[in-house]
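Undergrad: Handing you this structure, nothing more for now.
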Amino acid sequence: MKIIWRISYTVVTTFCLLGLTGASGPASRTKDVELRIGIVQRFGDNPTEQLQLEPTKGDRLRLKFKDGHSQQTLVTTNPVKLEILMQSLPVAVVEERVVLGIFRTYETAEDSARNWRAKGIEVEIAQPDRWQVWAKREVYNTPLLRRLLLQSVQAAGHKMTFVDSQVLQKVPRVTWQVDGKRYNLDDLEISSDKNLIRVNETKKPENARLYAGEMSLQPNAYGSYTLVNKVPLETYLRGVVPYEIGANAPKSATEAQAIIARTYVLRNLHRFAIDGYQLCANTHCQVYYGLSGVTPNTDRAIAATRGMILTYGNDLVDALYSSTTGGITASFSDVWNGDDRPYLQPIVDAPSHSVWNLSGRNLADENEFQRFISLKQGFNESQRDLFRWRRETSLKDITKGLQKFLKVKKSPYAKFKTIREMKVAERSKSGRILKLDVKTDIGTFSLHKDEVRSAFAAPVSTLFYLQPLNKGKSELWGYAFVGGGLGHGVGLSQIGAQNLAKLGWSSPKILQFYYPGTKIQILYNGMEQINQASVH
């Protein structure tokens with residue numbers, strides 16, 4: 001049966017699919033997909049940075065680049081060191097863009113971009129540091145157009161939009177040396193005879209990481225460069241699964257992680273369209289460290305689930321997962337703006353339904369939430385350190401972190417001096433903080449959803465409550481953040497999945513627990529090329 005995948009905003013893919021009831025039996029005829037992963041995203045931001053590319057023993061590197069109008073190829077058995085040369089411009093250049101919002105996560109930026117497009121404003125998503133939504137540069141391509149747009153959106157109430165202007169007198173250029181001759185060029189393709197390349201971002205040989213596939217060094221949207229690894233999907237997973245769930249996780253949990261990681265990739269190929277690649281290699285996407293950490297256990301799980309993806313209603317699921325849920329998973333809208341996914345709903349993260357009756361004891365109620373956080377036994381994650389935590393922080397440190405956060409967002413409240421009170425104003429059914437009010441000397445402002453984790457250093461999830469502390473004095477000393485979990489808590493818990501696997505649950509059963517109503521399907525041999533479509 002041929003199905004057209006309806007993946008919102010981005011990836012349009014045609015697949016032939018075969019539904020499965022189990023996670024055994026690899027799809028031997030499955031074709032692979034070549035990915036473009038940004039493994040060093042901002043090479044050149046620091047002029048002292050170096051990158052060393054090394055062939056494996058007995059191999060050689062092949063470097064392709066354009067010199068004028070001709071294609072050049074250099075071959076060497078030696079390591080190639082890429083360095084940054086700051087080149088002076090004959091005339092200073094002004095670079096600017098209209099920044100329509102700054103966000104902690106891609107998901108929140110994507111929802112903001114969707115809202116701007118609905119207003120008729122063309123935008124693009126960038127990540128110079130935090131995620132940002134920019135007015136599309138090729139559309140708003142003159143100072144007058146940019147300022148007219150800014151004036152318009154600010155008049156409509158969007159006060160935290162701004163024009164980010166930089167005067168460039170020097171720009172980074174990549175330089176490298178082969179056989180005594182030095183080259184300075186922007187685009188570079190690197191391959192090897194064995195299809196293996198070592199990449200070292202430091203000066204310590206032991207820190208080199210081994211990657212399969214080819215490399216390209218290319219300019220990005222921020223004036224620096226990105227080292228991109230061109231690698232097949234199934235090979236890419238070998239560098240993801242060991243780092244995401246661990247080398248020694250139980251078999252069915254590792255298989256579940258492999259299926260989810262594969263689904264995540266195909267759902268998120270559009271994230272770095274602005275920079276000419278698809279995914280990053282850190283926790284803003286999935287951790288990917290190449291072949292240096294591959295293990296027999298994780299390789300077997302990847303091979304056993306080859307081509308398997310998770311779907312809902314013939315669409316790829318939004319394959320979100322986190323380290324530790326704290327005993328209950330979250331809805332998509334508990335953490336980010338946008339429509340809820342029917343398969344991402346609050347689920348008590350325990351093998352038994354007797355631990356907590358969510359239908360009768362809603363965690364949106366503050367008292368019920370605090371009772372829930374006091375429970376420590378019977379959950380999938382009960383034996384892990386980050387299942388429950390308490391972190392005391394002084395008002396001085398809270399103030400410093402909050403001011404920094406607000407300055408980045410260009411908030412007028414960044415000028416506050418004193419916090420008078422902090423209070424959770426609204427929770428979701430899963431207990432996640434939807435709104436936290438901060439009363440200061442210049443007024444009260446609110447933090448919403450995933451902003452809370454960015455604004456404070458102490459909490460590692462939004463599943464917490466605040467406890468005022470005086471430390472024996474009459475005035476407020478600070479707050480204890482008392483909560484549970486690590487990460488957003490949406491979808492699969494990597495710790496919880498391991499516990500369920502130890503209890504004998506299969507990978508399909510684990511995935512059905514965390515993503516109800518979904519099913520496993522296979523990318524079959526009739527798979528056509530994945531196309532990157534424009535964001536609507």
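Residue numbering restarts at 1 for every chain of the structure tokens, chains are lettered A, B, ... in their displayed order, and ligands are numbered from 1 as they appear.
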Name the residues in contact with segment 434-447 of chain A at a cut-off of 9 Å, using only C-alpha atoms, excluding same-chain residues fewer than 2 positions from it; report them as a count of residues only.
TA: 25
Undergrad: Where does DSSP see helix (DSSP H, G or I) in segment 267-457 of chain A, if you list the residues as a PyMOL selection string?
TA: chain A and resi 267+273-275+296-304+332-335+366-374+385-387+395-408+412-415+451-455
Undergrad: Which residues are close to Thr263 of chain A, i.e. within 12 Å by only C-alpha atoms, leaving aside same-chain residues fewer than 4 positions away? Reply as JSON, numbers by chain.
TA: {"A": [7, 233, 234, 237, 256, 257, 258, 259, 267, 268, 269, 286, 305, 306, 307, 308, 309, 310, 311, 312, 315, 316, 317, 318, 319, 320, 321, 519, 520, 521, 522, 523]}
Undergrad: Please list as JSON, numbers by chain every residue within 8 Å of segment 59-64 of chain A, counting only C-alpha atoms and excluding residues in the same chain fewer than 4 positions away.
TA: {"A": [54, 55, 71, 72, 73, 74, 75, 76, 77, 78, 188, 189, 190, 191, 192, 193, 194, 197]}
Undergrad: Write the residues you've just listed into a file as a PDB file, in the first residue's frame, and include C-alpha atoms for each of them.
TA:
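What follows is the written file out.pdb:
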ATOM      1  CA  GLU A  54      42.638  12.589  10.253  1.00  0.00           C
ATOM      2  CA  PRO A  55      42.586   9.469   8.061  1.00  0.00           C
ATOM      3  CA  GLN A  71      37.581  21.857  -9.309  1.00  0.00           C
ATOM      4  CA  GLN A  72      40.710  20.846  -7.407  1.00  0.00           C
ATOM      5  CA  THR A  73      41.429  17.596  -5.528  1.00  0.00           C
ATOM      6  CA  LEU A  74      44.214  17.051  -3.019  1.00  0.00           C
ATOM      7  CA  VAL A  75      45.121  13.654  -1.567  1.00  0.00           C
ATOM      8  CA  THR A  76      47.125  13.216   1.629  1.00  0.00           C
ATOM      9  CA  THR A  77      47.910  10.517   4.167  1.00  0.00           C
ATOM     10  CA  ASN A  78      48.601  13.165   6.824  1.00  0.00           C
ATOM     11  CA  LEU A 188      35.564  22.023   1.223  1.00  0.00           C
ATOM     12  CA  GLU A 189      34.518  18.391   0.663  1.00  0.00           C
ATOM     13  CA  ILE A 190      36.443  15.711   2.561  1.00  0.00           C
ATOM     14  CA  SER A 191      36.297  11.970   1.932  1.00  0.00           C
ATOM     15  CA  SER A 192      38.525   8.931   2.410  1.00  0.00           C
ATOM     16  CA  ASP A 193      39.072   5.591   0.685  1.00  0.00           C
ATOM     17  CA  LYS A 194      37.739   3.653   3.689  1.00  0.00           C
ATOM     18  CA  ILE A 197      37.390  10.166   9.065  1.00  0.00           C
TER      19      ILE A 197
END
Undergrad: I'd like to know which of A:Gln151, A:Thr175, A:Ser292, A:Asn367 is closest to Arg238 of chain A, using only C-alpha atoms.
TA: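 With only C-alpha atoms as the atom set, the closest residue is A:Ser292.
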Undergrad: Just want the 8 Å neighbourhood of Ser165 of chain A, counted on only C-alpha atoms, with same-chain residues fewer than 3 positions away dropped. Output as a list in words.
TA: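 Result of the neighbour search: Val94, Glu95, Glu96 and Arg97 of chain A.
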Undergrad: In Å, rounded to a single decimal, give me how far atom CA of Gly276 of chain A is from atom CA of Pro242 of chain A.
TA: 26.8 Å
